[in-house]
$ cat start-v2.txt   # compact mmCIF, C-alpha atoms and all ligand atoms
# COMPACT_ATOMS: atom_id res chain seq x y z
CA MET A 1 -2.11 -14.81 12.56
CA GLY A 2 -1.16 -18.39 11.90
CA VAL A 3 2.59 -18.56 11.39
CA ALA A 4 3.35 -21.02 8.61
CA ALA A 5 6.06 -23.65 8.93
CA ASN A 6 7.90 -22.36 5.91
CA LYS A 7 7.66 -19.78 3.17
CA THR A 8 5.66 -21.92 0.79
CA ASP A 9 2.96 -22.66 3.40
CA LEU A 10 2.31 -18.97 3.82
CA ARG A 11 -0.51 -17.75 1.61
CA VAL A 12 0.48 -14.35 0.29
CA LEU A 13 -1.64 -12.13 -1.95
CA ALA A 14 -0.21 -9.12 -3.74
CA VAL A 15 -2.84 -6.42 -4.25
CA LEU A 16 -1.99 -4.09 -7.13
CA PRO A 17 -4.26 -1.03 -7.37
CA ALA A 18 -4.30 0.23 -10.95
CA TYR A 19 -5.88 3.29 -12.47
CA ASN A 20 -4.85 3.84 -16.09
CA GLU A 21 -1.66 1.81 -15.84
CA GLU A 22 -1.80 0.12 -19.28
CA LYS A 23 1.91 0.71 -19.85
CA SER A 24 3.20 -0.79 -16.61
CA ILE A 25 0.66 -3.21 -15.13
CA ALA A 26 1.64 -6.36 -17.05
CA ASP A 27 5.31 -5.90 -16.15
CA VAL A 28 4.57 -5.24 -12.46
CA ALA A 29 2.20 -8.22 -12.22
CA GLY A 30 4.67 -10.56 -13.95
CA ARG A 31 7.58 -9.50 -11.77
CA THR A 32 5.42 -9.85 -8.65
CA LEU A 33 4.54 -13.46 -9.51
CA ARG A 34 8.26 -14.26 -9.80
CA ALA A 35 9.24 -12.36 -6.65
CA TYR A 36 7.94 -14.67 -3.92
CA PRO A 37 7.30 -18.44 -3.86
CA GLY A 38 3.61 -19.25 -4.34
CA ILE A 39 2.46 -15.62 -4.28
CA ASP A 40 -0.87 -14.79 -5.93
CA VAL A 41 -1.75 -11.49 -7.58
CA LEU A 42 -4.98 -9.52 -7.63
CA VAL A 43 -4.98 -6.38 -9.73
CA VAL A 44 -7.77 -4.02 -8.71
CA ASN A 45 -8.56 -2.12 -11.88
CA ASP A 46 -10.15 1.05 -10.57
CA CYS A 47 -12.46 1.63 -13.54
CA SER A 48 -9.56 2.66 -15.77
CA THR A 49 -10.40 4.53 -18.94
CA ASP A 50 -7.36 3.28 -20.85
CA ALA A 51 -6.49 -0.28 -21.98
CA THR A 52 -5.58 -1.57 -18.49
CA GLU A 53 -8.37 -4.17 -18.48
CA ALA A 54 -7.60 -5.35 -22.02
CA VAL A 55 -3.94 -5.84 -21.07
CA LEU A 56 -4.88 -7.81 -17.93
CA LYS A 57 -7.23 -10.05 -19.87
CA GLN A 58 -4.73 -10.66 -22.64
CA GLN A 59 -1.92 -11.47 -20.18
CA HIS A 60 -4.20 -13.74 -18.06
CA VAL A 61 -3.53 -11.75 -14.90
CA ASN A 62 -5.99 -12.27 -12.03
CA TYR A 63 -7.97 -9.06 -11.69
CA VAL A 64 -11.21 -7.41 -10.68
CA THR A 65 -12.59 -4.34 -12.42
CA LEU A 66 -14.53 -1.91 -10.26
CA PRO A 67 -17.75 -0.61 -11.87
CA VAL A 68 -16.97 2.95 -10.74
CA ASN A 69 -13.72 4.72 -9.86
CA LEU A 70 -13.37 4.42 -6.08
CA GLY A 71 -9.92 5.97 -5.74
CA ILE A 72 -6.93 4.37 -4.08
CA GLY A 73 -8.69 3.72 -0.72
CA GLY A 74 -11.63 1.79 -2.14
CA ALA A 75 -9.41 0.00 -4.64
CA VAL A 76 -7.03 -1.31 -1.98
CA GLN A 77 -9.88 -2.18 0.40
CA THR A 78 -11.43 -4.29 -2.37
CA GLY A 79 -8.18 -6.25 -2.35
CA PHE A 80 -8.34 -6.60 1.44
CA LEU A 81 -11.89 -7.99 1.27
CA TYR A 82 -10.89 -10.52 -1.38
CA ALA A 83 -7.80 -11.58 0.61
CA TRP A 84 -9.85 -11.98 3.78
CA GLU A 85 -12.53 -14.06 2.13
CA GLN A 86 -9.99 -16.24 0.33
CA GLY A 87 -8.13 -16.91 3.59
CA TYR A 88 -4.77 -15.30 2.81
CA ASP A 89 -2.27 -14.95 5.67
CA VAL A 90 -0.50 -11.89 4.29
CA VAL A 91 -1.31 -9.09 1.88
CA VAL A 92 1.35 -7.11 0.08
CA GLN A 93 0.34 -3.81 -1.51
CA VAL A 94 2.28 -2.79 -4.61
CA ASP A 95 1.62 0.22 -6.85
CA GLY A 96 0.59 -0.68 -10.38
CA ASP A 97 2.72 2.11 -11.84
CA GLY A 98 6.09 0.40 -11.36
CA GLN A 99 7.30 2.64 -8.52
CA HIS A 100 7.66 -0.29 -6.12
CA PRO A 101 10.15 -2.92 -7.31
CA PRO A 102 8.37 -6.26 -6.72
CA GLU A 103 11.75 -7.95 -6.23
CA GLN A 104 11.75 -6.41 -2.74
CA ILE A 105 8.48 -8.08 -1.66
CA PRO A 106 10.39 -10.76 0.30
CA LEU A 107 11.93 -8.04 2.49
CA LEU A 108 8.46 -6.91 3.53
CA VAL A 109 6.98 -10.37 4.08
CA ASP A 110 10.04 -11.72 5.91
CA ALA A 111 10.01 -8.74 8.30
CA LEU A 112 6.27 -9.18 8.92
CA ILE A 113 6.76 -12.82 9.92
CA ALA A 114 10.13 -12.62 11.69
CA ARG A 115 9.17 -9.55 13.74
CA ARG A 116 5.53 -10.67 14.17
CA LEU A 117 4.22 -7.35 12.91
CA ASP A 118 0.79 -6.37 11.60
CA LEU A 119 2.05 -3.77 9.15
CA VAL A 120 5.45 -3.44 7.52
CA ILE A 121 6.05 -0.26 5.55
CA GLY A 122 8.68 -0.22 2.81
CA SER A 123 10.48 3.03 3.55
CA ARG A 124 12.45 5.17 1.11
CA TYR A 125 14.02 7.00 4.02
CA ALA A 126 14.86 4.29 6.55
CA GLY A 127 18.11 3.29 4.86
CA LYS A 128 20.45 5.19 2.60
CA THR A 129 18.60 8.31 1.48
CA GLN A 130 17.64 8.45 -2.15
CA ILE A 131 15.79 11.26 -3.81
CA VAL A 132 12.81 9.70 -5.54
CA SER A 133 10.03 12.10 -4.63
CA SER A 134 9.38 15.81 -4.88
CA TRP A 135 10.60 18.11 -2.10
CA ALA A 136 6.99 18.88 -1.20
CA ARG A 137 6.31 15.19 -0.80
CA ARG A 138 9.40 14.68 1.36
CA VAL A 139 8.62 17.63 3.60
CA GLY A 140 4.99 16.49 3.83
CA GLY A 141 6.10 12.99 4.79
CA ALA A 142 8.47 14.36 7.44
CA VAL A 143 5.75 16.55 8.99
CA LEU A 144 3.37 13.57 9.06
CA GLY A 145 6.13 11.55 10.71
CA VAL A 146 6.34 14.13 13.49
CA VAL A 147 2.54 14.12 13.91
CA ILE A 148 2.52 10.31 14.13
CA ARG A 149 5.34 10.43 16.68
CA MET A 150 3.43 12.95 18.78
CA THR A 151 0.12 11.08 18.63
CA THR A 152 1.33 7.48 18.94
CA GLY A 153 4.93 7.64 20.15
CA HIS A 154 6.06 5.60 17.13
CA ARG A 155 8.67 6.59 14.61
CA VAL A 156 7.54 6.16 11.01
CA THR A 157 9.99 7.51 8.43
CA ASP A 158 7.83 7.01 5.31
CA PRO A 159 4.14 7.25 6.26
CA THR A 160 2.92 7.88 2.70
CA SER A 161 4.60 4.80 1.23
CA GLY A 162 2.12 2.44 -0.41
CA PHE A 163 4.63 -0.42 -0.60
CA ARG A 164 3.53 -2.51 2.39
CA ALA A 165 2.74 -5.88 3.90
CA TYR A 166 -0.17 -6.61 6.26
CA SER A 167 -0.94 -9.52 8.59
CA ARG A 168 -4.29 -11.29 8.48
CA ARG A 169 -5.01 -9.74 11.86
CA ALA A 170 -4.62 -6.27 10.34
CA LEU A 171 -6.76 -7.34 7.38
CA ASP A 172 -9.61 -8.19 9.69
CA TYR A 173 -9.59 -4.57 10.82
CA LEU A 174 -8.87 -2.93 7.46
CA ARG A 175 -11.48 -4.89 5.50
CA ARG A 176 -14.02 -3.11 7.72
CA PHE A 177 -12.36 0.27 8.26
CA TYR A 178 -10.07 1.73 5.65
CA PRO A 179 -9.80 5.43 4.84
CA GLN A 180 -11.00 6.37 1.36
CA GLU A 181 -8.75 9.40 1.04
CA TYR A 182 -5.01 9.51 1.83
CA PRO A 183 -5.27 6.02 3.27
CA GLU A 184 -1.59 5.26 3.86
CA PRO A 185 -0.67 7.58 6.73
CA ILE A 186 -4.14 7.42 8.28
CA CYS A 187 -4.19 3.62 8.20
CA ALA A 188 -0.80 3.52 9.94
CA ILE A 189 -2.11 5.67 12.77
CA GLU A 190 -5.42 3.80 13.03
CA LEU A 191 -3.58 0.53 13.42
CA LEU A 192 -1.21 1.93 16.04
CA VAL A 193 -3.99 3.62 18.02
CA ASN A 194 -5.96 0.35 18.01
CA GLY A 195 -3.12 -1.76 19.34
CA TYR A 196 -1.59 -3.24 16.17
CA SER A 197 2.16 -3.37 15.61
CA LEU A 198 4.04 -1.59 12.86
CA GLY A 199 7.61 -1.63 11.56
CA GLU A 200 9.56 -0.43 8.57
CA VAL A 201 12.17 -1.92 6.27
CA PRO A 202 14.36 0.11 3.92
CA VAL A 203 13.42 -0.23 0.24
CA THR A 204 14.36 1.51 -2.95
CA MET A 205 11.70 2.98 -5.20
CA GLN A 206 11.63 4.09 -8.79
CA GLU A 207 10.32 7.24 -10.36
CA ARG A 208 6.88 6.77 -11.86
CA GLN A 209 7.53 5.58 -15.44
CA HIS A 210 4.29 6.63 -17.11
CA GLY A 211 1.11 8.52 -16.28
CA LYS A 212 0.94 10.95 -13.40
CA SER A 213 0.88 10.84 -9.62
CA SER A 214 -2.30 11.52 -7.71
CA ILE A 215 -0.54 14.10 -5.50
CA THR A 216 1.47 16.94 -6.99
CA GLY A 217 2.49 20.51 -6.10
CA LEU A 218 -0.07 22.48 -4.09
CA ASP A 219 -2.15 19.34 -3.64
CA THR A 220 0.56 18.16 -1.27
CA LEU A 221 -0.25 21.01 1.09
CA PHE A 222 -3.97 20.22 1.11
CA TYR A 223 -3.14 16.55 1.50
CA MET A 224 -1.12 17.37 4.62
CA ILE A 225 -3.78 19.55 6.20
CA LYS A 226 -6.53 17.02 5.57
CA VAL A 227 -4.45 14.14 6.86
CA ILE A 228 -3.60 15.98 10.07
CA PHE A 229 -7.28 16.69 10.69
CA SER A 230 -8.11 13.05 10.01
CA ILE A 231 -5.45 11.99 12.49
CA ALA A 232 -7.02 14.14 15.17
CA ILE A 233 -10.32 12.35 14.52
CA VAL A 234 -8.74 8.92 14.57
CA LYS A 235 -7.28 9.72 17.97
CA ILE A 236 -10.65 10.77 19.34
CA ARG A 237 -12.60 7.87 17.88
CA ARG A 238 -11.07 4.53 18.79
CA ARG A 239 -12.82 1.63 17.23
CA LYS A 240 -12.04 -1.29 19.43
N1 LIG L 1 -4.33 8.47 -9.32
C1 LIG L 1 -5.10 7.43 -8.99
N2 LIG L 1 -4.50 6.28 -8.73
C2 LIG L 1 -5.29 5.22 -8.42
C3 LIG L 1 -6.69 5.34 -8.36
N3 LIG L 1 -7.19 4.14 -8.04
C4 LIG L 1 -6.15 3.32 -7.93
N4 LIG L 1 -4.97 3.96 -8.16
C5 LIG L 1 -3.63 3.35 -8.13
O1 LIG L 1 -3.04 3.66 -6.89
C6 LIG L 1 -1.61 3.61 -6.99
C7 LIG L 1 -1.02 4.82 -6.32
O2 LIG L 1 -1.37 5.98 -7.04
P1 LIG L 1 -0.28 7.03 -7.48
O3 LIG L 1 -0.96 8.06 -8.28
O4 LIG L 1 0.89 6.33 -8.10
O5 LIG L 1 0.17 7.66 -6.09
P2 LIG L 1 1.63 7.98 -5.57
O6 LIG L 1 2.50 6.79 -5.86
O7 LIG L 1 1.42 8.19 -4.12
O8 LIG L 1 2.09 9.19 -6.31
C8 LIG L 1 -1.29 3.48 -8.47
O9 LIG L 1 -0.93 2.14 -8.72
C9 LIG L 1 -2.61 3.85 -9.15
O10 LIG L 1 -2.75 3.20 -10.39
C10 LIG L 1 -7.32 6.59 -8.65
O11 LIG L 1 -8.53 6.75 -8.62
N5 LIG L 1 -6.47 7.60 -8.95
MG MG L 2 2.75 5.69 -7.53
$ encode --input "start-v2.txt" --output "structure tokens" --more "lines below"
Ligand SMILES: Nc1nc2c(ncn2[C@@H]2O[C@H](COP(=O)(O)OP(=O)(O)O)[C@@H](O)[C@H]2O)c(=O)[nH]1
Ligand SMILES: [Mg+2]
Amino acid sequence: MGVAANKTDLRVLAVLPAYNEEKSIADVAGRTLRAYPGIDVLVVNDCSTDATEAVLKQQHVNYVTLPVNLGIGGAVQTGFLYAWEQGYDVVVQVDGDGQHPPEQIPLLVDALIARRLDLVIGSRYAGKTQIVSSWARRVGGAVLGVVIRMTTGHRVTDPTSGFRAYSRRALDYLRRFYPQEYPEPICAIELLVNGYSLGEVPVTMQERQHGKSSITGLDTLFYMIKVIFSIAIVKIRRRK
């Protein structure tokens, strides 16, 4: 990717996937715009059934509304396509539910540039441990970490984190291939297997303020099993 002379030359797009986030999306979008010099925002409204779109319109936030609910994978990939076509250098992915404090976006972008990485994951577990997810989620994340270590040799402490920054180089891959289900851990492995670089920075996260998470309880177990199978397939089928 083209490394800009200074922060303000770097074109950064924050992609905020949002499904029924009427209570939090305006706050997250506003804080994101203040978090990094010159950053642009694209909210991908994943065919919400609540007032998410009305809020975005009223607050003059840049957004696209999908005509059908694609789920997190399709929503984020929509953002990647937009960023690619508009020539952005960096994409930051931030949950629309307020779990990812936008004030920490500079940590992700600075690490991406300084360490010349293709993916920087904001990790809840890389620094001082804080308990912000269910035990099932933490165990699941740890098991996935071991699987990633075994398949790629890389240590990833928070593979399910959706608080991330991507290089334009990574975008060129992900705009074409991005998993529709459980995209975060699978995308990390795909990038590693295909020769892209990955790093983590410690971040803090908040509990979800409103609405409910897409993965809870027993779902976590199924999530894990499906992701591990997907990883096996990613390993077999290299795309480059
Ligand atoms: N649950 C859900 N979230 C979606 C969907 N499409 C986009 N999202 C957004 O994806 C982000 C992550 O989803 P979330 O349920 O918070 O997952 P978690 O943070 O991993 O528990 C949130 O900002 C959602 O609003 C969808 O179809 N279902
Ligand atoms: Mg969330």
$ residues_near_ligand --input "start-v2.txt" --ligand "ligand LIG 1 (chain L)" --cutoff "6 Å" --atoms "only C-alpha atoms and all ligand atoms" --output "ChimeraX atom specification"
/A:17-19,21,46,69-72,75,95-97,213-215
$ closest_residue --input "start-v2.txt" --among "A:Ile189, A:Ala26, A:Glu207, A:Ala51" --to "Arg149 (chain A)" --atoms "only C-alpha atoms"
A:Ile189
$ residues_near_point --input "start-v2.txt" --point "(12.1, -0.6, 9.5)" --cutoff "8 Å" --atoms "all atoms listed in the file" --output "number ranges by chain"
A: 120-123, 126, 199-202
$ atom_distance --input "start-v2.txt" --atom1 "CA of Gln206 (chain A)" --atom2 "CA of Val28 (chain A)"
12.3 Å
$ atom_distance --input "start-v2.txt" --atom1 "CA of Leu42 (chain A)" --atom2 "CA of His60 (chain A)"
11.3 Å
$ atom_distance --input "start-v2.txt" --atom1 "CA of Gly140 (chain A)" --atom2 "CA of Leu221 (chain A)"
7.4 Å
$ residues_around --input "start-v2.txt" --residues "Val234 (chain A)" --least-positions-apart "6" --cutoff "9 Å" --atoms "all atoms listed in the file" --output "list in words"
Ile186, Ile189, Glu190 and Val193 of chain A
$ closest_residue --input "start-v2.txt" --among "A:Val227, A:Val203, A:Ile39, A:Val94" --to "ligand MG 2 (chain L)" --atoms "all atoms listed in the file"
A:Val94
$ closest_residue --input "start-v2.txt" --among "A:Pro37, A:Gly30, A:Asn20, A:Cys187" --to "Thr49 (chain A)" --atoms "all atoms listed in the file"
A:Asn20
$ axis_aligned_box --input "start-v2.txt" --around "region 218-236 of chain A" --padding-each-side "3 Å" --output "JSON"
{"center_x": -5.0, "center_y": 15.7, "center_z": 7.6, "size_x": 17.2, "size_y": 19.6, "size_z": 29.4}
$ closest_residue --input "start-v2.txt" --among "A:Trp84, A:Tyr36, A:Phe163, A:Trp135" --to "ligand MG 2 (chain L)" --atoms "only C-alpha atoms and all ligand atoms"
A:Phe163
$ closest_residue --input "start-v2.txt" --among "A:Leu117, A:Leu108, A:Met150, A:Ala29" --to "Gly162 (chain A)" --atoms "only C-alpha atoms"
A:Leu108
$ closest_residue --input "start-v2.txt" --among "A:Pro185, A:Pro101, A:Pro106, A:Gly79" --to "Asp158 (chain A)" --atoms "all atoms listed in the file"
A:Pro185
$ residues_around --input "start-v2.txt" --residues "Ile148 (chain A)" --least-positions-apart "4" --cutoff "10 Å" --atoms "only C-alpha atoms" --output "ChimeraX atom specification"
/A:142-144,152-157,159,185-186,188-189,192,228,231
$ decode --input "start-v2.txt" --residues "region 79-94 of chain A" --atoms "C-alpha atoms" --output "PDB file, in the first residue's frame"
ATOM      1  CA  GLY A  79     -17.872  -1.702   3.186  1.00  0.00           C
ATOM      2  CA  PHE A  80     -14.712  -3.246   1.715  1.00  0.00           C
ATOM      3  CA  LEU A  81     -16.062  -2.892  -1.838  1.00  0.00           C
ATOM      4  CA  TYR A  82     -16.964   0.745  -1.249  1.00  0.00           C
ATOM      5  CA  ALA A  83     -13.547   1.482   0.294  1.00  0.00           C
ATOM      6  CA  TRP A  84     -11.761  -0.201  -2.598  1.00  0.00           C
ATOM      7  CA  GLU A  85     -13.696   1.653  -5.249  1.00  0.00           C
ATOM      8  CA  GLN A  86     -13.297   4.986  -3.480  1.00  0.00           C
ATOM      9  CA  GLY A  87      -9.527   4.490  -3.209  1.00  0.00           C
ATOM     10  CA  TYR A  88      -9.122   4.352   0.575  1.00  0.00           C
ATOM     11  CA  ASP A  89      -5.709   3.337   1.955  1.00  0.00           C
ATOM     12  CA  VAL A  90      -7.000   1.860   5.198  1.00  0.00           C
ATOM     13  CA  VAL A  91     -10.273   0.435   6.473  1.00  0.00           C
ATOM     14  CA  VAL A  92     -11.153   0.294  10.138  1.00  0.00           C
ATOM     15  CA  GLN A  93     -13.990  -1.994  11.196  1.00  0.00           C
ATOM     16  CA  VAL A  94     -15.973  -0.891  14.246  1.00  0.00           C
TER      17      VAL A  94
END
